[in-house]
>>> print(open('model08.cif').read())   # mmCIF, C-alpha atoms and all ligand atoms
data_query
loop_
_atom_site.label_atom_id
_atom_site.label_comp_id
_atom_site.auth_asym_id
_atom_site.auth_seq_id
_atom_site.Cartn_x
_atom_site.Cartn_y
_atom_site.Cartn_z
CA MET A 3 9.00 60.30 -34.60
CA ARG A 4 7.16 57.10 -33.66
CA THR A 5 9.14 53.92 -33.78
CA LEU A 6 7.19 50.94 -35.06
CA ILE A 7 8.24 47.67 -33.44
CA SER A 8 7.09 44.74 -35.44
CA ARG A 9 6.26 41.26 -34.02
CA ARG A 10 9.25 39.92 -35.93
CA THR A 11 11.60 42.42 -34.24
CA LEU A 12 10.23 41.44 -30.83
CA LEU A 13 10.61 37.72 -31.44
CA GLY A 14 14.11 38.27 -32.79
CA ALA A 15 15.08 40.25 -29.68
CA ALA A 16 13.62 37.56 -27.39
CA ALA A 17 15.58 34.84 -29.18
CA ILE A 18 18.83 36.79 -28.81
CA ALA A 19 18.09 37.47 -25.12
CA MET A 20 17.36 33.77 -24.54
CA THR A 21 20.59 32.73 -26.28
CA LEU A 22 22.49 35.16 -24.08
CA GLY A 23 20.81 33.64 -21.03
CA LEU A 24 18.96 36.87 -20.21
CA MET A 25 15.50 35.27 -20.31
CA PRO A 26 14.37 31.91 -18.96
CA ALA A 27 13.69 29.32 -21.63
CA GLU A 28 10.03 28.40 -22.00
CA ALA A 29 8.89 26.21 -19.09
CA ALA A 30 9.24 22.50 -19.84
CA ASP A 31 6.10 20.36 -20.07
CA PRO A 32 5.05 19.03 -16.68
CA ILE A 33 6.21 15.49 -15.92
CA GLN A 34 3.33 13.06 -16.23
CA VAL A 35 2.77 11.02 -13.07
CA ARG A 36 -0.05 8.48 -13.28
CA ILE A 37 -0.77 6.68 -10.00
CA SER A 38 -2.71 3.43 -10.07
CA THR A 39 -4.33 1.69 -7.08
CA PRO A 40 -7.20 -0.73 -6.40
CA ALA A 41 -8.19 1.43 -3.39
CA VAL A 42 -11.69 2.89 -3.21
CA GLU A 43 -12.26 6.65 -3.07
CA THR A 44 -13.26 6.79 0.61
CA ASP A 45 -10.28 4.80 1.92
CA TRP A 46 -7.50 6.80 3.57
CA HIS A 47 -4.77 5.44 1.34
CA ALA A 48 -6.76 6.65 -1.69
CA LYS A 49 -7.33 10.07 -0.13
CA MET A 50 -3.64 10.38 0.71
CA LEU A 51 -2.88 10.47 -3.01
CA THR A 52 -4.65 13.82 -3.24
CA VAL A 53 -2.50 15.02 -0.35
CA PHE A 54 0.55 13.86 -2.35
CA LYS A 55 -0.63 15.66 -5.47
CA ASP A 56 -1.48 18.93 -3.69
CA ARG A 57 1.73 19.02 -1.65
CA LEU A 58 3.82 18.32 -4.75
CA GLU A 59 2.11 21.17 -6.57
CA GLU A 60 2.96 23.50 -3.66
CA LEU A 61 6.58 22.38 -3.59
CA ALA A 62 7.16 22.28 -7.36
CA PRO A 63 4.45 24.41 -9.01
CA GLY A 64 3.60 23.40 -12.56
CA GLN A 65 6.35 20.78 -12.73
CA PHE A 66 4.25 17.64 -12.34
CA ALA A 67 0.93 16.55 -13.82
CA VAL A 68 -0.33 14.01 -11.28
CA GLU A 69 -3.28 11.78 -12.27
CA ILE A 70 -4.88 9.53 -9.66
CA HIS A 71 -6.56 6.34 -10.91
CA LEU A 72 -8.56 4.46 -8.25
CA ASN A 73 -10.49 1.15 -8.14
CA GLY A 74 -7.90 -0.70 -10.24
CA THR A 75 -9.22 1.04 -13.36
CA LEU A 76 -5.81 1.79 -14.89
CA PHE A 77 -3.95 -1.37 -13.84
CA LYS A 78 -5.30 -4.48 -12.14
CA GLN A 79 -4.29 -5.14 -8.55
CA GLY A 80 -0.85 -6.73 -8.42
CA THR A 81 0.12 -5.78 -11.98
CA GLU A 82 1.38 -2.31 -11.01
CA PRO A 83 5.06 -3.24 -10.40
CA ALA A 84 5.36 -4.81 -13.88
CA ALA A 85 3.60 -1.78 -15.39
CA MET A 86 6.14 0.55 -13.74
CA GLN A 87 8.99 -1.70 -14.86
CA ARG A 88 7.77 -1.66 -18.46
CA GLY A 89 7.53 2.14 -18.45
CA ASN A 90 3.71 2.18 -18.65
CA LEU A 91 3.05 3.63 -15.21
CA GLU A 92 4.87 6.21 -13.12
CA MET A 93 3.59 5.52 -9.59
CA ALA A 94 1.65 2.99 -7.51
CA MET A 95 1.08 1.83 -3.97
CA ILE A 96 2.55 -1.62 -3.80
CA SER A 97 2.58 -4.25 -1.07
CA ALA A 98 5.33 -6.41 0.40
CA PHE A 99 3.48 -9.31 -1.27
CA ASP A 100 3.94 -7.65 -4.69
CA ILE A 101 7.64 -7.16 -4.04
CA ALA A 102 8.10 -10.73 -2.71
CA LYS A 103 7.08 -12.05 -6.14
CA GLN A 104 10.36 -10.70 -7.49
CA ILE A 105 12.49 -10.52 -4.33
CA PRO A 106 11.54 -13.55 -2.16
CA GLU A 107 13.49 -12.11 0.81
CA TRP A 108 10.74 -9.49 1.05
CA SER A 109 8.31 -12.24 2.11
CA ILE A 110 9.55 -11.57 5.63
CA PHE A 111 7.22 -8.54 5.64
CA THR A 112 4.28 -10.72 4.57
CA ALA A 113 4.63 -12.97 7.63
CA GLY A 114 1.84 -12.87 10.17
CA TYR A 115 2.60 -11.73 13.71
CA LEU A 116 6.06 -10.30 13.04
CA ILE A 117 5.56 -6.53 12.91
CA ARG A 118 3.99 -5.65 16.27
CA ASP A 119 2.08 -2.41 15.66
CA PRO A 120 2.07 0.76 13.49
CA ASP A 121 4.81 2.37 15.55
CA HIS A 122 7.06 -0.71 15.19
CA GLN A 123 6.31 -0.72 11.45
CA ALA A 124 7.25 2.96 11.07
CA LYS A 125 10.52 2.38 12.94
CA VAL A 126 11.44 -0.76 10.96
CA PHE A 127 10.88 0.92 7.59
CA GLY A 128 12.16 4.31 8.73
CA GLY A 129 15.51 2.87 9.89
CA ASP A 130 18.39 0.77 8.54
CA ILE A 131 16.22 -2.25 7.69
CA GLY A 132 13.98 -0.11 5.49
CA LYS A 133 16.99 1.54 3.85
CA GLU A 134 18.60 -1.82 2.98
CA MET A 135 15.42 -3.49 1.80
CA TYR A 136 14.32 -0.45 -0.28
CA GLN A 137 17.74 -0.39 -1.93
CA ARG A 138 17.18 -3.95 -3.09
CA VAL A 139 13.85 -2.93 -4.65
CA GLN A 140 15.62 -0.10 -6.45
CA ASP A 141 18.54 -2.24 -7.62
CA GLU A 142 16.67 -5.42 -8.50
CA MET A 143 13.26 -4.14 -9.63
CA GLY A 144 14.09 -0.62 -10.80
CA ILE A 145 11.42 0.80 -8.49
CA LYS A 146 12.02 3.60 -6.00
CA VAL A 147 10.10 3.20 -2.72
CA LEU A 148 9.22 6.72 -1.58
CA ALA A 149 7.51 6.02 1.73
CA ALA A 150 5.83 3.28 3.75
CA GLY A 151 2.23 3.88 4.77
CA TYR A 152 0.29 1.95 7.39
CA LEU A 153 -2.39 -0.02 5.55
CA GLY A 154 -3.76 -1.24 8.84
CA THR A 155 -3.96 -4.35 10.98
CA ARG A 156 -5.67 -7.16 9.12
CA GLU A 157 -8.63 -8.90 10.76
CA LEU A 158 -10.92 -11.69 9.60
CA ASN A 159 -14.35 -10.69 8.30
CA LEU A 160 -16.88 -13.48 7.72
CA ARG A 161 -20.34 -13.72 6.18
CA THR A 162 -21.05 -16.85 8.25
CA ASP A 163 -21.85 -16.69 11.97
CA LYS A 164 -19.95 -19.68 13.35
CA GLU A 165 -17.68 -18.41 16.14
CA ILE A 166 -13.96 -18.53 15.37
CA LYS A 167 -11.74 -18.96 18.41
CA VAL A 168 -8.71 -20.92 17.17
CA PRO A 169 -7.16 -21.68 13.74
CA ALA A 170 -8.88 -25.11 13.62
CA ASP A 171 -12.25 -23.30 13.51
CA LEU A 172 -11.29 -21.95 10.08
CA ALA A 173 -10.98 -25.43 8.55
CA GLY A 174 -12.85 -25.43 5.23
CA VAL A 175 -13.66 -21.70 5.42
CA LYS A 176 -13.28 -20.19 1.94
CA LEU A 177 -11.13 -17.17 2.77
CA ARG A 178 -10.54 -14.72 -0.06
CA MET A 179 -6.95 -13.51 -0.34
CA PRO A 180 -5.37 -11.29 -3.02
CA SER A 181 -3.77 -13.31 -5.80
CA SER A 182 -0.20 -14.33 -5.03
CA ASP A 183 1.59 -17.25 -3.40
CA THR A 184 2.55 -15.28 -0.30
CA TRP A 185 -1.03 -14.04 0.22
CA LEU A 186 -2.42 -17.55 -0.16
CA PHE A 187 0.22 -18.85 2.23
CA LEU A 188 -0.95 -16.39 4.89
CA GLY A 189 -4.55 -17.58 4.48
CA LYS A 190 -3.44 -21.19 4.83
CA ALA A 191 -1.26 -20.42 7.84
CA LEU A 192 -4.36 -19.00 9.55
CA GLY A 193 -6.04 -22.39 9.10
CA ALA A 194 -8.44 -21.45 6.28
CA ASN A 195 -8.98 -22.57 2.71
CA PRO A 196 -7.60 -19.55 0.77
CA LEU A 197 -9.05 -18.50 -2.59
CA PRO A 198 -7.41 -15.85 -4.81
CA LEU A 199 -9.61 -12.94 -5.88
CA ALA A 200 -9.02 -9.31 -6.85
CA PHE A 201 -10.07 -6.68 -4.34
CA GLY A 202 -12.72 -5.22 -6.63
CA GLU A 203 -14.60 -8.54 -6.73
CA VAL A 204 -14.73 -9.18 -2.99
CA TYR A 205 -18.01 -7.38 -2.20
CA THR A 206 -20.02 -9.38 -4.74
CA ALA A 207 -18.30 -12.65 -3.82
CA LEU A 208 -19.30 -12.11 -0.18
CA GLN A 209 -22.80 -11.14 -1.21
CA THR A 210 -23.34 -14.24 -3.35
CA GLY A 211 -21.52 -16.65 -1.04
CA ALA A 212 -18.78 -17.47 -3.56
CA ILE A 213 -16.47 -16.89 -0.57
CA ASP A 214 -17.12 -17.16 3.18
CA ALA A 215 -14.65 -14.57 4.38
CA GLN A 216 -12.08 -11.92 3.55
CA ASP A 217 -9.32 -10.26 5.58
CA ASN A 218 -8.60 -6.55 5.68
CA PRO A 219 -8.03 -3.75 8.17
CA LEU A 220 -11.19 -2.24 9.69
CA PRO A 221 -10.96 1.08 7.76
CA THR A 222 -11.11 -0.93 4.52
CA VAL A 223 -14.04 -3.02 5.79
CA LYS A 224 -15.82 0.29 6.24
CA ALA A 225 -14.64 2.05 3.06
CA ALA A 226 -15.44 -0.91 0.77
CA LYS A 227 -18.73 -1.50 2.65
CA PHE A 228 -17.93 -5.16 3.37
CA TYR A 229 -19.95 -4.76 6.59
CA GLU A 230 -23.09 -4.72 4.43
CA VAL A 231 -22.49 -8.32 3.32
CA THR A 232 -20.81 -9.91 6.38
CA LYS A 233 -21.88 -10.88 9.90
CA GLN A 234 -18.74 -10.84 11.99
CA VAL A 235 -15.23 -9.53 12.46
CA VAL A 236 -12.73 -11.69 14.31
CA MET A 237 -9.94 -9.52 15.73
CA THR A 238 -7.06 -11.83 14.91
CA ASN A 239 -4.65 -8.88 14.34
CA HIS A 240 -2.76 -11.28 12.10
CA LEU A 241 -0.84 -8.81 9.96
CA VAL A 242 0.26 -5.24 10.60
CA ASP A 243 0.22 -4.42 6.91
CA ALA A 244 2.07 -1.72 4.98
CA ILE A 245 1.58 -0.11 1.60
CA PHE A 246 4.59 1.39 -0.19
CA LEU A 247 4.16 4.56 -2.20
CA SER A 248 6.55 3.92 -5.08
CA MET A 249 7.81 5.46 -8.32
CA ALA A 250 9.12 3.84 -11.49
CA GLY A 251 12.92 4.06 -11.40
CA GLU A 252 12.95 5.50 -14.92
CA THR A 253 10.72 8.39 -13.83
CA TRP A 254 12.70 8.93 -10.62
CA GLU A 255 16.02 9.10 -12.50
CA LYS A 256 14.68 11.79 -14.83
CA LEU A 257 13.97 14.16 -11.94
CA ASP A 258 16.52 16.74 -10.87
CA GLU A 259 17.64 16.87 -7.25
CA ALA A 260 15.09 19.49 -6.22
CA GLN A 261 12.28 17.56 -7.85
CA GLN A 262 13.31 14.33 -6.12
CA LYS A 263 13.34 16.17 -2.81
CA ALA A 264 9.85 17.56 -3.48
CA VAL A 265 8.52 14.10 -4.40
CA LEU A 266 9.91 12.58 -1.19
CA GLU A 267 8.51 15.40 0.91
CA ALA A 268 5.07 15.09 -0.70
CA ALA A 269 5.14 11.30 -0.16
CA ASP A 270 5.96 11.81 3.52
CA ALA A 271 3.08 14.28 3.89
CA ALA A 272 0.74 11.76 2.23
CA VAL A 273 1.63 8.81 4.46
CA LYS A 274 1.51 11.02 7.56
CA TYR A 275 -2.05 11.99 6.67
CA ASN A 276 -2.98 8.36 5.96
CA ASN A 277 -1.36 6.97 9.10
CA GLU A 278 -2.92 9.50 11.46
CA ASN A 279 -6.40 9.00 10.08
CA ARG A 280 -6.15 5.24 9.79
CA ILE A 281 -4.87 4.74 13.33
CA LYS A 282 -7.61 6.99 14.71
CA ASP A 283 -10.23 5.15 12.64
CA GLU A 284 -9.10 1.72 13.73
CA ALA A 285 -9.67 2.71 17.35
CA GLU A 286 -13.21 3.86 16.60
CA LEU A 287 -14.49 1.38 14.05
CA VAL A 288 -15.36 -1.49 16.40
CA THR A 289 -18.27 0.63 17.64
CA PHE A 290 -19.30 1.51 14.08
CA LEU A 291 -19.28 -2.14 12.99
CA LYS A 292 -21.28 -3.23 16.03
CA GLU A 293 -23.82 -0.52 15.21
CA GLN A 294 -24.12 -2.10 11.76
CA GLY A 295 -25.17 -5.33 13.47
CA LEU A 296 -21.87 -7.23 13.19
CA LYS A 297 -20.41 -9.34 15.96
CA VAL A 298 -16.86 -8.12 16.71
CA TYR A 299 -14.77 -10.14 19.13
CA SER A 300 -11.27 -11.39 19.98
CA PRO A 301 -10.41 -15.02 19.37
CA ASP A 302 -7.58 -16.84 21.14
CA VAL A 303 -4.95 -14.58 19.55
CA GLU A 304 -2.09 -16.51 21.18
CA ALA A 305 -3.28 -19.72 19.48
CA PHE A 306 -3.33 -17.90 16.11
CA ARG A 307 0.09 -16.36 16.76
CA LYS A 308 1.68 -19.71 17.61
CA THR A 309 0.17 -21.56 14.64
CA VAL A 310 0.95 -18.81 12.11
CA GLN A 311 4.52 -18.20 13.31
CA GLN A 312 5.24 -21.94 13.22
CA ALA A 313 3.81 -22.22 9.71
CA TYR A 314 6.20 -19.51 8.51
CA LEU A 315 9.20 -20.99 10.27
CA ASP A 316 8.49 -24.38 8.67
CA SER A 317 7.94 -22.83 5.22
CA GLU A 318 10.14 -22.32 2.18
CA TRP A 319 9.58 -18.59 2.55
CA SER A 320 11.49 -18.26 5.80
CA LYS A 321 14.51 -19.96 4.17
CA THR A 322 14.82 -16.92 1.88
CA TRP A 323 14.81 -14.36 4.71
CA PRO A 324 18.08 -12.48 5.15
CA GLU A 325 20.24 -13.96 7.90
CA GLY A 326 19.45 -12.45 11.30
CA MET A 327 16.60 -10.28 9.95
CA VAL A 328 13.89 -11.68 12.24
CA ASP A 329 16.04 -10.84 15.28
CA ARG A 330 16.84 -7.39 13.90
CA ILE A 331 13.14 -6.67 13.32
CA ASN A 332 12.23 -7.94 16.79
CA ALA A 333 14.96 -5.78 18.31
CA VAL A 334 13.55 -2.54 16.84
CA GLN A 335 11.92 -0.67 19.73
C1 LIG B 401 -6.64 -6.52 -0.48
O1 LIG B 401 -6.80 -6.79 -1.67
O2 LIG B 401 -7.14 -7.17 0.42
C2 LIG B 401 -5.70 -5.34 -0.14
O3 LIG B 401 -5.88 -4.99 1.23
C3 LIG B 401 -4.26 -5.73 -0.41
C4 LIG B 401 -3.35 -4.51 -0.33
O4 LIG B 401 -2.02 -4.84 -0.65
C5 LIG B 401 -3.85 -3.39 -1.24
O5 LIG B 401 -3.72 -3.77 -2.59
C6 LIG B 401 -5.32 -3.09 -0.91
O6 LIG B 401 -6.10 -4.27 -0.98
C7 LIG B 401 -5.93 -2.11 -1.90
O7 LIG B 401 -5.24 -0.90 -1.91
C8 LIG B 401 -7.42 -1.86 -1.60
O8 LIG B 401 -7.61 -1.31 -0.32
#
>>> encode(input="model08.cif", output="structure tokens")
Amino acid sequence: MRTLISRRTLLGAAAIAMTLGLMPAEAADPIQVRISTPAVETDWHAKMLTVFKDRLEELAPGQFAVEIHLNGTLFKQGTEPAAMQRGNLEMAMISAFDIAKQIPEWSIFTAGYLIRDPDHQAKVFGGDIGKEMYQRVQDEMGIKVLAAGYLGTRELNLRTDKEIKVPADLAGVKLRMPSSDTWLFLGKALGANPLPLAFGEVYTALQTGAIDAQDNPLPTVKAAKFYEVTKQVVMTNHLVDAIFLSMAGETWEKLDEAQQKAVLEAADAAVKYNNENRIKDEAELVTFLKEQGLKVYSPDVEAFRKTVQQAYLDSEWSKTWPEGMVDRINAVQ
């Protein structure tokens, strides 16, 4: 005799099995992770987000739905921390300058000529200093820093052709900086006349002469095609800059332990990819820029270092720096 099993019988049996713990419950919806950045598609710190996404999918299949939003299309540059804090954004790459707006002590990482090179940067953020300063971001801003990436060493890039040797040569030069007090302070400390402008507007402002100069690492000068609208790069090496891959605390807290581990591992893979490519690129881009017809040269870097360091020491910013932190950073080998 044939037994007829109806759909209802099957569903009923499945429900009983699930209640008894014999079958896994239906997989939960993937966790939405929107990442916002002003970075352009061809820049390494934009490409590293795809590495993050792919690695996370390998480590936690189907558990996360990562969306990457480039060119500041989802949130404007500098507004990402507030968006994460309001629960409107899950992830972003934020700068020390962004953090310093809410935790002034973080302005220590915006100071010119303090971090020596990418290796020093990795050791500072990978050690006790990083741990302490990240904890403050988590406690005071509700943002979890996942990993520090090397954004590059910032150089001056001008549309004018007057040679720049010492800070005094920048007097009256309209130098675009991103929009915040600490960014503008850096531009002033270099000797220029800083003007705030979002990253996405820099190319046109250089093209039209609304600004005379901008500062960014060489890989960004290439990726954003600033070399098309400028005549020279002055290798001031004024800031060994970092970018912090970060997650909204609310999102982070919702993850279970295994998911948190996967997110951290994917973030490490992403910054490793970025750092390797960026460091390699920086070594090769002087040739590329010269081929594009730009003058690339070193100014009197010691004169810049002295002027910039003194400006910070005399500033209100340095008064906020944690006691002994400059010495601790300098001591990291
Ligand atoms: C820039 O606006 O000059 C800057 O380099 C600042 C960084 O903190 C970061 O926002 C970066 O732009 C963007 O990711 C675009 O490369």
>>> closest_residue(input="model08.cif", among="A:Trp319, A:Asp283, A:Val265, A:His47", to="A:Thr253", atoms="all atoms listed in the file")
A:Val265
>>> residues_around(input="model08.cif", residues="A:Leu188", least_positions_apart="6", cutoff="10 Å", atoms="all atoms listed in the file", output="count of residues only")
11
>>> residues_near_ligand(input="model08.cif", ligand="ligand LIG 401 (chain B)", cutoff="7 Å", atoms="all atoms listed in the file", output="list of chain:residue names")
A:Thr39, A:Pro40, A:Ala41, A:Val42, A:Gln79, A:Ile96, A:Ser97, A:Met179, A:Pro180, A:Ala200, A:Phe201, A:Asp217, A:Asn218, A:Thr222, A:Ile245
>>> residues_near_point(input="model08.cif", point="(-6.0, 11.3, -6.9)", cutoff="6 Å", atoms="all atoms listed in the file", output="PyMOL selection string")
chain A and resi 51-52+70
>>> atom_distance(input="model08.cif", atom1="atom CA of A:Asn90", atom2="atom CA of A:Tyr275")
27.8 Å
>>> closest_residue(input="model08.cif", among="A:Val334, A:Val168, A:Leu72, A:Leu148", to="A:Leu192", atoms="all atoms listed in the file")
A:Val168
>>> closest_residue(input="model08.cif", among="A:Ala150, A:Ala264, A:Met143, A:Ala102", to="A:Phe127", atoms="only C-alpha atoms")
A:Ala150
>>> closest_residue(input="model08.cif", among="A:Asp183, A:Glu59, A:Asp258, A:Asp45", to="A:Ser109", atoms="all atoms listed in the file")
A:Asp183
>>> decode(input="model08.cif", residues="stretch 320-334 of chain A", atoms="N, CA and C atoms", output="PDB file, in the first residue's frame")
ATOM      1  N   SER A 320      48.731  70.502  21.299  1.00  0.00           N
ATOM      2  CA  SER A 320      49.691  69.680  22.045  1.00  0.00           C
ATOM      3  C   SER A 320      49.379  69.659  23.545  1.00  0.00           C
ATOM      4  N   LYS A 321      48.643  70.673  24.019  1.00  0.00           N
ATOM      5  CA  LYS A 321      48.272  70.688  25.451  1.00  0.00           C
ATOM      6  C   LYS A 321      47.297  69.551  25.782  1.00  0.00           C
ATOM      7  N   THR A 322      46.597  69.046  24.747  1.00  0.00           N
ATOM      8  CA  THR A 322      45.622  67.974  25.014  1.00  0.00           C
ATOM      9  C   THR A 322      46.288  66.588  24.960  1.00  0.00           C
ATOM     10  N   TRP A 323      47.505  66.506  24.456  1.00  0.00           N
ATOM     11  CA  TRP A 323      48.121  65.193  24.245  1.00  0.00           C
ATOM     12  C   TRP A 323      48.388  64.488  25.576  1.00  0.00           C
ATOM     13  N   PRO A 324      48.105  63.184  25.625  1.00  0.00           N
ATOM     14  CA  PRO A 324      48.319  62.466  26.887  1.00  0.00           C
ATOM     15  C   PRO A 324      49.771  62.601  27.360  1.00  0.00           C
ATOM     16  N   GLU A 325      49.917  62.820  28.634  1.00  0.00           N
ATOM     17  CA  GLU A 325      51.225  62.976  29.281  1.00  0.00           C
ATOM     18  C   GLU A 325      52.216  61.885  28.813  1.00  0.00           C
ATOM     19  N   GLY A 326      53.359  62.302  28.372  1.00  0.00           N
ATOM     20  CA  GLY A 326      54.416  61.340  28.011  1.00  0.00           C
ATOM     21  C   GLY A 326      54.224  60.645  26.672  1.00  0.00           C
ATOM     22  N   MET A 327      53.125  60.950  25.958  1.00  0.00           N
ATOM     23  CA  MET A 327      52.819  60.190  24.733  1.00  0.00           C
ATOM     24  C   MET A 327      53.820  60.449  23.597  1.00  0.00           C
ATOM     25  N   VAL A 328      54.296  61.693  23.488  1.00  0.00           N
ATOM     26  CA  VAL A 328      55.274  61.976  22.419  1.00  0.00           C
ATOM     27  C   VAL A 328      56.513  61.103  22.645  1.00  0.00           C
ATOM     28  N   ASP A 329      56.980  61.047  23.882  1.00  0.00           N
ATOM     29  CA  ASP A 329      58.173  60.240  24.181  1.00  0.00           C
ATOM     30  C   ASP A 329      57.902  58.760  23.925  1.00  0.00           C
ATOM     31  N   ARG A 330      56.711  58.313  24.297  1.00  0.00           N
ATOM     32  CA  ARG A 330      56.389  56.892  24.082  1.00  0.00           C
ATOM     33  C   ARG A 330      56.374  56.573  22.589  1.00  0.00           C
ATOM     34  N   ILE A 331      55.786  57.487  21.791  1.00  0.00           N
ATOM     35  CA  ILE A 331      55.728  57.258  20.337  1.00  0.00           C
ATOM     36  C   ILE A 331      57.149  57.251  19.769  1.00  0.00           C
ATOM     37  N   ASN A 332      57.946  58.238  20.189  1.00  0.00           N
ATOM     38  CA  ASN A 332      59.331  58.309  19.702  1.00  0.00           C
ATOM     39  C   ASN A 332      60.130  57.061  20.069  1.00  0.00           C
ATOM     40  N   ALA A 333      59.787  56.476  21.231  1.00  0.00           N
ATOM     41  CA  ALA A 333      60.568  55.328  21.706  1.00  0.00           C
ATOM     42  C   ALA A 333      60.222  54.025  20.969  1.00  0.00           C
ATOM     43  N   VAL A 334      59.102  54.013  20.243  1.00  0.00           N
ATOM     44  CA  VAL A 334      58.718  52.784  19.539  1.00  0.00           C
ATOM     45  C   VAL A 334      59.708  52.542  18.390  1.00  0.00           C
TER      46      VAL A 334
END
